[in-house]
$ cat upload.txt   # compact mmCIF, C-alpha atoms
# COMPACT_ATOMS: atom_id res chain seq x y z
CA MET A 17 0.00 0.00 0.00
CA ALA A 18 1.19 3.49 -0.81
CA ARG A 19 2.16 5.45 2.27
CA PHE A 20 1.54 8.85 0.68
CA SER A 21 -1.43 10.07 -1.34
CA VAL A 22 -1.75 12.33 -4.37
CA GLY A 23 -1.47 15.98 -3.38
CA GLU A 24 0.30 15.21 -0.10
CA LYS A 25 3.34 17.27 0.81
CA VAL A 26 6.52 15.22 1.19
CA ARG A 27 10.22 15.82 1.65
CA VAL A 28 13.06 13.91 0.00
CA ARG A 29 15.45 12.51 2.58
CA ALA A 30 18.67 14.51 2.80
CA ALA A 31 20.67 11.30 2.78
CA PHE A 32 24.05 10.95 1.12
CA PRO A 33 25.03 7.29 1.25
CA PRO A 34 28.70 7.47 2.14
CA THR A 35 30.29 4.23 1.15
CA PRO A 36 30.48 2.84 -2.36
CA PRO A 37 29.37 0.62 -3.87
CA THR A 38 25.89 2.10 -3.86
CA HIS A 39 23.36 2.73 -6.58
CA VAL A 40 21.03 5.66 -5.99
CA ARG A 41 18.22 6.86 -8.26
CA THR A 42 17.37 9.96 -6.27
CA PRO A 43 19.25 12.85 -7.87
CA TYR A 44 21.64 14.73 -5.63
CA TYR A 45 20.02 18.08 -6.44
CA ILE A 46 16.66 17.11 -5.00
CA ARG A 47 17.75 15.70 -1.63
CA GLY A 48 16.20 17.56 1.25
CA ARG A 49 13.68 19.40 -0.98
CA ALA A 50 9.93 19.39 -0.38
CA GLY A 51 7.26 18.86 -3.03
CA THR A 52 3.85 17.30 -3.54
CA VAL A 53 2.82 13.88 -4.80
CA GLU A 54 1.76 14.26 -8.46
CA ARG A 55 0.86 10.60 -8.98
CA ILE A 56 1.52 7.10 -7.72
CA CYS A 57 3.21 5.06 -10.45
CA GLY A 58 2.91 1.63 -8.84
CA ALA A 59 5.32 -0.83 -7.23
CA PHE A 60 8.62 -1.51 -8.95
CA GLY A 61 11.75 -3.51 -8.29
CA ASN A 62 14.15 -1.56 -6.11
CA PRO A 63 17.03 -0.43 -8.35
CA GLU A 64 19.29 0.05 -5.33
CA GLU A 65 19.03 -3.73 -4.79
CA LEU A 66 18.70 -4.80 -8.44
CA ALA A 67 22.01 -3.11 -9.19
CA PHE A 68 23.67 -5.80 -7.12
CA GLY A 69 21.67 -8.70 -8.52
CA ARG A 70 19.30 -8.90 -5.55
CA ARG A 71 16.01 -9.43 -7.35
CA TYR A 72 13.60 -10.85 -4.81
CA GLY A 73 13.16 -8.16 -2.19
CA PRO A 74 10.02 -6.10 -1.61
CA LYS A 75 8.93 -3.76 -4.40
CA PRO A 76 8.73 -0.18 -3.17
CA THR A 77 6.04 2.21 -4.37
CA LEU A 78 7.25 4.70 -6.94
CA TYR A 79 5.87 8.25 -6.94
CA ARG A 80 6.16 11.27 -9.17
CA ILE A 81 6.84 14.29 -7.01
CA ARG A 82 6.30 17.84 -8.23
CA PHE A 83 8.66 20.53 -6.93
CA ARG A 84 8.52 24.25 -7.56
CA GLN A 85 11.76 25.29 -9.23
CA ILE A 86 12.11 28.23 -6.87
CA ASP A 87 12.16 25.69 -4.00
CA VAL A 88 14.90 23.68 -5.70
CA TRP A 89 17.42 26.21 -7.01
CA ASP A 90 18.69 29.32 -5.31
CA GLY A 91 18.14 32.30 -7.61
CA TYR A 92 16.05 30.34 -10.14
CA GLN A 93 15.46 32.47 -13.22
CA GLY A 94 11.99 31.88 -14.57
CA ASP A 95 8.33 31.83 -13.72
CA ALA A 96 7.35 31.24 -10.09
CA GLU A 97 5.04 28.48 -11.35
CA ASP A 98 7.83 26.59 -13.16
CA CYS A 99 8.23 23.12 -11.74
CA ILE A 100 10.15 19.91 -12.02
CA GLU A 101 8.69 16.44 -11.63
CA ILE A 102 10.86 13.52 -10.57
CA GLU A 103 10.26 9.81 -9.96
CA ILE A 104 11.18 8.92 -6.39
CA TYR A 105 10.81 5.66 -4.47
CA GLU A 106 8.87 5.67 -1.23
CA PHE A 107 11.83 4.90 1.04
CA TRP A 108 13.40 8.20 -0.04
CA LEU A 109 10.37 10.22 1.11
CA GLU A 110 9.25 11.46 4.50
CA PRO A 111 6.10 13.31 5.53
CA VAL A 112 6.17 17.08 5.92
CA GLU A 113 4.55 18.32 9.09
CA GLN A 114 2.02 21.00 8.38
CA GLU A 115 3.94 24.21 8.79
CA ARG A 116 2.54 26.02 11.83
CA ALA A 117 2.09 29.74 11.47
CA ALA A 118 2.47 30.74 7.87
CA MET B 17 67.93 11.77 -33.83
CA SER B 18 65.37 8.95 -33.88
CA SER B 19 63.61 8.41 -37.21
CA THR B 20 60.33 7.17 -35.62
CA PRO B 21 59.65 9.08 -32.45
CA GLY B 22 56.73 8.02 -30.27
CA PRO B 23 53.59 10.11 -30.31
CA ASN B 24 54.54 12.13 -27.28
CA GLU B 25 58.17 12.74 -28.11
CA PRO B 26 59.23 15.94 -29.78
CA ARG B 27 59.66 15.68 -33.55
CA ALA B 28 62.88 16.55 -35.27
CA HIS B 29 62.21 19.84 -36.93
CA GLU B 30 63.20 23.41 -36.50
CA HIS B 31 61.52 25.56 -33.92
CA GLY B 32 62.86 28.77 -32.63
CA HIS B 33 61.78 27.98 -29.11
CA GLU B 34 61.85 25.33 -26.44
CA HIS B 35 59.62 22.48 -27.63
CA ASN B 36 57.93 21.07 -24.58
CA HIS B 37 54.31 21.67 -25.48
CA HIS B 38 51.72 19.32 -26.97
CA HIS B 39 52.15 18.90 -30.65
CA ASP B 40 49.04 20.72 -31.80
CA HIS B 41 49.27 23.39 -34.42
CA ASP B 42 49.16 26.31 -32.10
CA HIS B 43 52.32 27.45 -33.80
CA MET B 44 53.15 28.31 -37.39
CA HIS B 45 56.13 27.03 -39.31
CA PRO B 46 57.20 26.92 -42.94
CA TYR B 47 56.47 23.83 -45.04
CA ASP B 48 58.88 21.03 -44.22
CA PRO B 49 58.43 17.60 -45.89
CA ASN B 50 60.11 15.92 -42.93
CA HIS B 51 57.72 17.46 -40.45
CA LYS B 52 55.35 14.69 -39.28
CA HIS B 53 52.47 14.60 -36.86
CA PRO B 54 51.09 11.46 -35.25
CA ASN B 55 48.05 10.05 -37.06
CA ARG B 56 44.75 10.57 -35.40
CA PRO B 57 44.05 7.31 -33.57
CA ASP B 58 41.48 4.96 -35.13
CA GLN B 59 38.28 4.75 -33.14
CA ASP B 60 37.13 1.36 -34.39
CA ASP B 61 39.91 -0.94 -33.33
CA SER B 62 39.58 -1.27 -29.60
CA MET B 63 37.89 -4.20 -27.93
CA THR B 64 36.90 -2.55 -24.71
CA TYR B 65 36.07 -4.55 -21.61
CA TYR B 66 32.35 -4.39 -22.35
CA LYS B 67 32.75 -5.26 -26.03
CA VAL B 68 34.73 -8.35 -25.07
CA MET B 69 32.09 -9.20 -22.47
CA GLU B 70 29.25 -8.79 -25.00
CA SER B 71 30.96 -11.00 -27.61
CA ALA B 72 31.80 -13.67 -25.07
CA VAL B 73 28.29 -13.85 -23.60
CA ARG B 74 26.60 -13.77 -27.02
CA GLU B 75 28.85 -16.52 -28.41
CA LEU B 76 28.32 -18.68 -25.34
CA LEU B 77 24.53 -18.26 -25.50
CA ILE B 78 24.55 -19.27 -29.17
CA GLU B 79 26.97 -22.14 -28.59
CA LYS B 80 24.79 -23.54 -25.80
CA GLY B 81 21.72 -23.31 -28.03
CA LEU B 82 19.83 -20.81 -25.80
CA ILE B 83 19.44 -18.29 -28.61
CA THR B 84 20.33 -18.26 -32.28
CA ALA B 85 22.38 -15.76 -34.28
CA GLU B 86 19.22 -15.10 -36.36
CA GLN B 87 17.31 -14.07 -33.23
CA VAL B 88 20.05 -11.62 -32.30
CA GLN B 89 19.98 -10.22 -35.83
CA ARG B 90 16.18 -9.90 -35.83
CA GLN B 91 16.22 -8.09 -32.50
CA ILE B 92 18.82 -5.61 -33.75
CA GLU B 93 16.68 -5.01 -36.84
CA ALA B 94 13.59 -4.52 -34.67
CA MET B 95 15.46 -1.92 -32.60
CA ASP B 96 16.60 -0.15 -35.77
CA GLU B 97 12.99 0.01 -36.98
CA ARG B 98 12.00 2.23 -34.07
CA THR B 99 12.25 5.78 -35.33
CA PRO B 100 10.75 9.18 -34.51
CA ALA B 101 8.17 8.47 -37.23
CA ASN B 102 6.30 6.36 -34.65
CA GLY B 103 6.07 9.33 -32.29
CA ALA B 104 4.92 11.60 -35.12
CA ARG B 105 2.08 9.24 -36.06
CA ILE B 106 0.87 9.16 -32.46
CA VAL B 107 0.89 12.96 -32.20
CA ALA B 108 -0.86 13.52 -35.53
CA ARG B 109 -3.62 11.04 -34.62
CA ALA B 110 -4.14 12.82 -31.29
CA TRP B 111 -4.51 16.14 -33.13
CA VAL B 112 -7.19 14.88 -35.52
CA ASP B 113 -9.07 12.63 -33.08
CA PRO B 114 -9.92 14.14 -29.66
CA ALA B 115 -11.28 10.84 -28.34
CA PHE B 116 -7.99 9.15 -29.25
CA LYS B 117 -6.13 11.96 -27.51
CA GLN B 118 -8.11 11.35 -24.34
CA ARG B 119 -7.34 7.63 -24.44
CA LEU B 120 -3.68 8.41 -25.17
CA LEU B 121 -3.42 10.57 -22.06
CA GLU B 122 -5.24 8.03 -19.89
CA SER B 123 -3.75 4.74 -21.09
CA PRO B 124 -0.95 5.33 -23.60
CA LYS B 125 -0.07 1.70 -24.27
CA GLN B 126 -3.61 0.71 -25.27
CA ALA B 127 -4.17 3.86 -27.34
CA ILE B 128 -0.91 3.45 -29.23
CA ALA B 129 -1.76 -0.20 -29.90
CA GLU B 130 -4.88 1.07 -31.75
CA ILE B 131 -2.65 2.54 -34.43
CA GLY B 132 -0.75 -0.70 -34.76
CA HIS B 133 2.30 0.08 -32.65
CA ASP B 134 3.36 -2.00 -29.66
CA ILE B 135 5.44 -0.06 -27.15
CA GLY B 136 6.35 -3.27 -25.31
CA PRO B 137 6.92 -3.25 -21.55
CA MET B 138 7.64 0.51 -21.46
CA HIS B 139 5.58 2.49 -18.89
CA LEU B 140 4.79 5.59 -20.91
CA ILE B 141 3.39 8.87 -19.61
CA VAL B 142 2.08 11.36 -22.18
CA LEU B 143 2.54 15.03 -21.27
CA GLU B 144 0.18 17.42 -23.01
CA ASN B 145 1.44 20.87 -23.91
CA THR B 146 -1.16 23.61 -23.51
CA PRO B 147 -1.18 27.40 -23.76
CA GLU B 148 -0.53 27.33 -19.99
CA VAL B 149 2.15 24.61 -19.74
CA HIS B 150 5.17 23.59 -21.78
CA ASN B 151 6.73 20.20 -20.97
CA VAL B 152 10.32 19.09 -21.55
CA VAL B 153 11.93 15.72 -20.79
CA VAL B 154 15.40 14.84 -19.50
CA CYS B 155 17.15 12.03 -17.69
CA THR B 156 19.69 13.61 -15.37
CA LEU B 157 21.05 10.27 -14.12
CA CYS B 158 21.78 8.66 -17.48
CA SER B 159 19.88 8.79 -20.77
CA CYS B 160 16.45 7.15 -20.26
CA TYR B 161 14.43 7.84 -23.40
CA PRO B 162 11.19 6.51 -24.93
CA ARG B 163 13.02 4.33 -27.46
CA GLY B 164 9.87 2.37 -28.23
CA ILE B 165 8.38 5.40 -29.96
CA LEU B 166 11.43 7.53 -30.88
CA GLY B 167 14.28 5.08 -31.47
CA LEU B 168 17.75 5.96 -30.24
CA PRO B 169 18.25 9.23 -28.37
CA PRO B 170 20.20 12.02 -30.07
CA ASP B 171 23.70 12.74 -28.77
CA TRP B 172 22.73 16.06 -27.20
CA TYR B 173 20.10 14.30 -25.06
CA LYS B 174 22.87 12.21 -23.52
CA SER B 175 25.29 15.11 -23.10
CA ARG B 176 26.21 16.25 -19.63
CA ALA B 177 25.48 19.84 -20.64
CA TYR B 178 21.83 19.16 -21.56
CA ARG B 179 21.23 16.86 -18.60
CA SER B 180 22.63 19.22 -16.01
CA ARG B 181 21.40 22.50 -17.46
CA VAL B 182 17.82 21.81 -18.55
CA VAL B 183 16.78 21.09 -14.96
CA ARG B 184 18.16 24.30 -13.50
CA GLU B 185 17.82 26.78 -16.36
CA PRO B 186 15.22 25.24 -18.66
CA ARG B 187 14.16 28.51 -20.27
CA THR B 188 17.73 29.33 -21.28
CA VAL B 189 18.29 25.86 -22.73
CA LEU B 190 14.97 26.01 -24.62
CA ARG B 191 15.97 29.40 -26.02
CA GLU B 192 19.17 27.82 -27.33
CA PHE B 193 16.93 25.38 -29.23
CA GLY B 194 15.07 28.38 -30.62
CA THR B 195 12.10 27.92 -28.30
CA GLU B 196 10.92 31.00 -26.46
CA ILE B 197 8.40 30.26 -23.70
CA SER B 198 6.46 33.33 -22.63
CA ALA B 199 7.02 34.49 -19.07
CA ASN B 200 3.61 33.51 -17.73
CA ARG B 201 3.54 30.06 -19.34
CA GLU B 202 4.72 27.38 -16.94
CA VAL B 203 7.77 25.33 -17.90
CA ARG B 204 7.50 21.82 -16.49
CA VAL B 205 10.66 19.69 -16.55
CA HIS B 206 10.32 15.92 -16.22
CA ASP B 207 13.34 14.07 -14.88
CA SER B 208 13.10 10.47 -16.04
CA THR B 209 14.88 8.90 -13.08
CA ALA B 210 13.25 5.50 -12.72
CA ASP B 211 10.68 3.25 -14.41
CA MET B 212 8.56 5.74 -16.37
CA ARG B 213 9.25 7.05 -19.85
CA TYR B 214 7.81 10.26 -21.27
CA MET B 215 6.59 11.72 -24.52
CA VAL B 216 5.42 15.27 -25.00
CA LEU B 217 2.21 15.80 -26.94
CA PRO B 218 3.00 19.14 -28.59
CA MET B 219 0.34 21.70 -29.48
CA GLN B 220 -0.87 21.62 -33.06
CA PRO B 221 0.64 24.57 -34.94
CA ALA B 222 -1.80 27.39 -35.65
CA GLY B 223 -3.31 27.41 -39.12
CA THR B 224 -2.98 23.66 -39.73
CA ASP B 225 -6.54 22.66 -38.89
CA GLY B 226 -7.46 21.71 -42.44
CA LEU B 227 -4.45 19.47 -43.02
CA SER B 228 -4.73 15.72 -43.43
CA GLU B 229 -3.34 13.40 -40.78
CA GLU B 230 -0.55 12.45 -43.19
CA ALA B 231 0.41 16.09 -43.69
CA LEU B 232 0.35 16.70 -39.93
CA VAL B 233 2.74 13.78 -39.36
CA SER B 234 5.40 15.66 -41.30
CA LEU B 235 5.10 18.62 -38.89
CA VAL B 236 6.17 16.56 -35.88
CA GLY B 237 9.90 16.17 -35.39
CA ARG B 238 11.64 14.15 -32.73
CA ASP B 239 12.63 17.26 -30.79
CA ALA B 240 9.00 18.33 -30.38
CA VAL B 241 8.22 14.97 -28.75
CA VAL B 242 11.13 15.48 -26.31
CA GLY B 243 9.82 19.00 -25.72
CA VAL B 244 12.80 21.15 -26.71
CA VAL B 245 10.93 22.68 -29.67
CA GLU B 246 7.29 23.25 -30.56
CA ALA B 247 5.76 21.27 -33.40
CA GLY B 248 6.31 22.71 -36.85
CA LYS B 249 9.27 24.76 -35.62
CA GLY B 250 12.20 22.91 -37.14
CA GLY B 251 14.48 21.21 -34.69
CA GLN B 252 15.93 18.17 -36.37
CA GLY B 253 13.53 18.26 -39.31
CA SER B 254 10.54 16.12 -39.92
CA PRO B 255 10.90 12.39 -39.44
CA ALA B 256 8.97 11.82 -42.64
CA ALA B 257 11.91 13.35 -44.50
CA GLU B 258 14.51 11.23 -42.75
$ encode --input "upload.txt" --output "structure tokens"
Amino acid sequence: MARFSVGEKVRVRAAFPPTPPTHVRTPYYIRGRAGTVERICGAFGNPEELAFGRRYGPKPTLYRIRFRQIDVWDGYQGDAEDCIEIEIYEFWLEPVEQERAA
Amino acid sequence: MSSTPGPNEPRAHEHGHEHNHHHDHDHMHPYDPNHKHPNRPDQDDSMTYYKVMESAVRELLIEKGLITAEQVQRQIEAMDERTPANGARIVARAWVDPAFKQRLLESPKQAIAEIGHDIGPMHLIVLENTPEVHNVVVCTLCSCYPRGILGLPPDWYKSRAYRSRVVREPRTVLREFGTEISANREVRVHDSTADMRYMVLPMQPAGTDGLSEEALVSLVGRDAVVGVVEAGKGGQGSPAAE
């Protein structure tokens, strides 16, 4: 079952696996950034395990997360509505607490 | 003086200066028949690690009777048959048939099968360009590309420059392709990092409403389906002409 639902706000873990060999499909530039779930793609083999020939583990849910470009890049030049959508596996995501006091 | 110096050794010819630089022609000298430069190295003669690996595995599989050489050949031919013309046919059909377009956006594999094309196991997402949103596709991690409908990716799509720049300054990169997106139209970048593949459904160019589906096909180039140009605006030319 998918842990997050469409429209939910999530944050990409700011994790930087230190010791090779590792295989990571979460781009460096998006770690630690917050966005919203655009869609749930389904459950897929975990590439971080498949890369080492381990084919029989659990299949994590894959999401497409939409980020505002101005939340991703300092000094982004473009429209405030511009966004980037990225496929991210569930174990890279954590919930965002509703920001108190806006 | 050696008659056959190695590629990195200085050549025997006259220079009026100390000769400890690379032997490019960043200097001028008069014609000298004895002045030789190393040949440019051939690029087709090296069996790299992976080429050796591929040959060894393929030959073993054939030797053990698991596959045949004909099957390998047929698969290579099938891959070569995938061209941007497939993408152009899909787009043109969506322009002339709104019900098809709806099915294409909702379940791409089934819709594309209607026009006789099997995209195989690819999980395709179709991104519709509108007056409000322009979509562009990249794979920052490697070079994931919807080969089932566009064939092999162009070299620029795999370049580090495109992959690193289109995510952080998409409007500038699009401008370099000749595509100006107005300030209040959203640019939406899609980073193809995992199991999905993407095609952009470009907007039909203005003034082409009366054209036949066949004529519309010729307006859709590969680059419009990746999202770096708008349909009918050049790019790499029409696939029908390729």
$ atom_distance --input "upload.txt" --atom1 "CA of Asp207 in chain B" --atom2 "CA of His139 in chain B"
14.5 Å
$ interface_residues --input "upload.txt" --of "chain B" --to "chain A" --cutoff "9 Å" --atoms "only C-alpha atoms" --output "PDB file with C-alpha atoms, in the frame of the given file"
ATOM      1  CA  VAL B 149       2.150  24.610 -19.740  1.00  0.00           C
ATOM      2  CA  THR B 156      19.690  13.610 -15.370  1.00  0.00           C
ATOM      3  CA  LEU B 157      21.050  10.270 -14.120  1.00  0.00           C
ATOM      4  CA  VAL B 183      16.780  21.090 -14.960  1.00  0.00           C
ATOM      5  CA  ARG B 184      18.160  24.300 -13.500  1.00  0.00           C
ATOM      6  CA  GLU B 185      17.820  26.780 -16.360  1.00  0.00           C
ATOM      7  CA  PRO B 186      15.220  25.240 -18.660  1.00  0.00           C
ATOM      8  CA  ARG B 187      14.160  28.510 -20.270  1.00  0.00           C
ATOM      9  CA  THR B 188      17.730  29.330 -21.280  1.00  0.00           C
ATOM     10  CA  ALA B 199       7.020  34.490 -19.070  1.00  0.00           C
ATOM     11  CA  ASN B 200       3.610  33.510 -17.730  1.00  0.00           C
ATOM     12  CA  ARG B 201       3.540  30.060 -19.340  1.00  0.00           C
ATOM     13  CA  GLU B 202       4.720  27.380 -16.940  1.00  0.00           C
ATOM     14  CA  VAL B 203       7.770  25.330 -17.900  1.00  0.00           C
ATOM     15  CA  ARG B 204       7.500  21.820 -16.490  1.00  0.00           C
ATOM     16  CA  VAL B 205      10.660  19.690 -16.550  1.00  0.00           C
ATOM     17  CA  HIS B 206      10.320  15.920 -16.220  1.00  0.00           C
ATOM     18  CA  ASP B 207      13.340  14.070 -14.880  1.00  0.00           C
ATOM     19  CA  SER B 208      13.100  10.470 -16.040  1.00  0.00           C
ATOM     20  CA  THR B 209      14.880   8.900 -13.080  1.00  0.00           C
ATOM     21  CA  ALA B 210      13.250   5.500 -12.720  1.00  0.00           C
ATOM     22  CA  ASP B 211      10.680   3.250 -14.410  1.00  0.00           C
ATOM     23  CA  MET B 212       8.560   5.740 -16.370  1.00  0.00           C
TER      24      MET B 212
END
$ atom_distance --input "upload.txt" --atom1 "CA of Thr146 in chain B" --atom2 "CA of Gly51 in chain A"
22.6 Å
$ residues_around --input "upload.txt" --residues "Thr38 in chain A" --least-positions-apart "6" --cutoff "12 Å" --atoms "only C-alpha atoms" --output "list in words"
Phe32, Pro63, Glu64, Glu65, Leu66, Ala67 and Phe68 of chain A
$ atom_distance --input "upload.txt" --atom1 "CA of Gly243 in chain B" --atom2 "CA of Glu106 in chain A"
27.9 Å
$ closest_residue --input "upload.txt" --among "B:Val182, B:Met138, B:Ala108, B:Gly167" --to "Leu227 in chain B" --atoms "all atoms listed in the file"
B:Ala108
$ closest_residue --input "upload.txt" --among "B:Ile131, B:Lys52, B:Leu77, B:Gly194" --to "Arg105 in chain B" --atoms "only C-alpha atoms"
B:Ile131
$ residues_around --input "upload.txt" --residues "Leu166 in chain B" --least-positions-apart "4" --cutoff "6 Å" --atoms "only C-alpha atoms" --output "compact mmCIF listing (two decimals) with C-alpha atoms, in the frame of the given file"
# COMPACT_ATOMS: atom_id res chain seq x y z
CA THR B 99 12.25 5.78 -35.33
CA PRO B 100 10.75 9.18 -34.51
CA GLY B 103 6.07 9.33 -32.29
$ closest_residue --input "upload.txt" --among "A:Pro76, A:Gly69, A:Trp108, A:Met17" --to "Ile46 in chain A" --atoms "all atoms listed in the file"
A:Trp108
$ decode --input "upload.txt" --residues "range 180-205 of chain B" --atoms "N, CA and C atoms" --output "tab-separated table (two decimals), in the first residue's frame"
chain	number	residue	atom	x	y	z
B	180	SER	N	22.46	18.43	-17.23
B	180	SER	CA	22.63	19.22	-16.01
B	180	SER	C	21.97	20.59	-16.12
B	181	ARG	N	21.89	21.12	-17.34
B	181	ARG	CA	21.40	22.50	-17.46
B	181	ARG	C	19.88	22.59	-17.59
B	182	VAL	N	19.25	21.61	-18.27
B	182	VAL	CA	17.82	21.81	-18.55
B	182	VAL	C	16.99	21.72	-17.27
B	183	VAL	N	17.53	21.11	-16.22
B	183	VAL	CA	16.78	21.09	-14.96
B	183	VAL	C	16.88	22.41	-14.21
B	184	ARG	N	18.01	23.10	-14.34
B	184	ARG	CA	18.16	24.30	-13.50
B	184	ARG	C	17.97	25.60	-14.25
B	185	GLU	N	18.12	25.58	-15.58
B	185	GLU	CA	17.82	26.78	-16.36
B	185	GLU	C	17.11	26.38	-17.65
B	186	PRO	N	15.90	25.78	-17.48
B	186	PRO	CA	15.22	25.24	-18.66
B	186	PRO	C	14.90	26.30	-19.72
B	187	ARG	N	14.53	27.50	-19.28
B	187	ARG	CA	14.16	28.51	-20.27
B	187	ARG	C	15.35	28.92	-21.13
B	188	THR	N	16.52	28.98	-20.52
B	188	THR	CA	17.73	29.33	-21.28
B	188	THR	C	18.06	28.22	-22.28
B	189	VAL	N	17.98	26.98	-21.83
B	189	VAL	CA	18.29	25.86	-22.73
B	189	VAL	C	17.28	25.82	-23.89
B	190	LEU	N	15.99	26.01	-23.56
B	190	LEU	CA	14.97	26.01	-24.62
B	190	LEU	C	15.24	27.13	-25.63
B	191	ARG	N	15.66	28.29	-25.12
B	191	ARG	CA	15.97	29.40	-26.02
B	191	ARG	C	17.09	29.03	-26.97
B	192	GLU	N	18.06	28.26	-26.47
B	192	GLU	CA	19.17	27.82	-27.33
B	192	GLU	C	18.68	26.88	-28.43
B	193	PHE	N	17.55	26.20	-28.19
B	193	PHE	CA	16.93	25.38	-29.23
B	193	PHE	C	16.01	26.23	-30.11
B	194	GLY	N	15.94	27.51	-29.85
B	194	GLY	CA	15.07	28.38	-30.62
B	194	GLY	C	13.65	28.43	-30.10
B	195	THR	N	13.45	27.99	-28.87
B	195	THR	CA	12.10	27.92	-28.30
B	195	THR	C	11.96	28.94	-27.19
B	196	GLU	N	11.14	29.94	-27.44
B	196	GLU	CA	10.92	31.00	-26.46
B	196	GLU	C	9.58	30.73	-25.76
B	197	ILE	N	9.63	30.50	-24.45
B	197	ILE	CA	8.40	30.26	-23.70
B	197	ILE	C	8.04	31.55	-22.98
B	198	SER	N	6.81	32.04	-23.20
B	198	SER	CA	6.46	33.33	-22.63
B	198	SER	C	6.49	33.27	-21.11
B	199	ALA	N	6.72	34.42	-20.51
B	199	ALA	CA	7.02	34.49	-19.07
B	199	ALA	C	5.93	33.90	-18.20
B	200	ASN	N	4.67	34.01	-18.62
B	200	ASN	CA	3.61	33.51	-17.73
B	200	ASN	C	3.13	32.11	-18.11
B	201	ARG	N	3.86	31.45	-19.01
B	201	ARG	CA	3.54	30.06	-19.34
B	201	ARG	C	4.49	29.16	-18.55
B	202	GLU	N	3.91	28.23	-17.82
B	202	GLU	CA	4.72	27.38	-16.94
B	202	GLU	C	5.61	26.44	-17.74
B	203	VAL	N	6.87	26.34	-17.33
B	203	VAL	CA	7.77	25.33	-17.90
B	203	VAL	C	7.85	24.19	-16.90
B	204	ARG	N	7.53	22.98	-17.38
B	204	ARG	CA	7.50	21.82	-16.49
B	204	ARG	C	8.55	20.81	-16.99
B	205	VAL	N	9.59	20.62	-16.19
B	205	VAL	CA	10.66	19.69	-16.55
B	205	VAL	C	10.34	18.33	-15.94
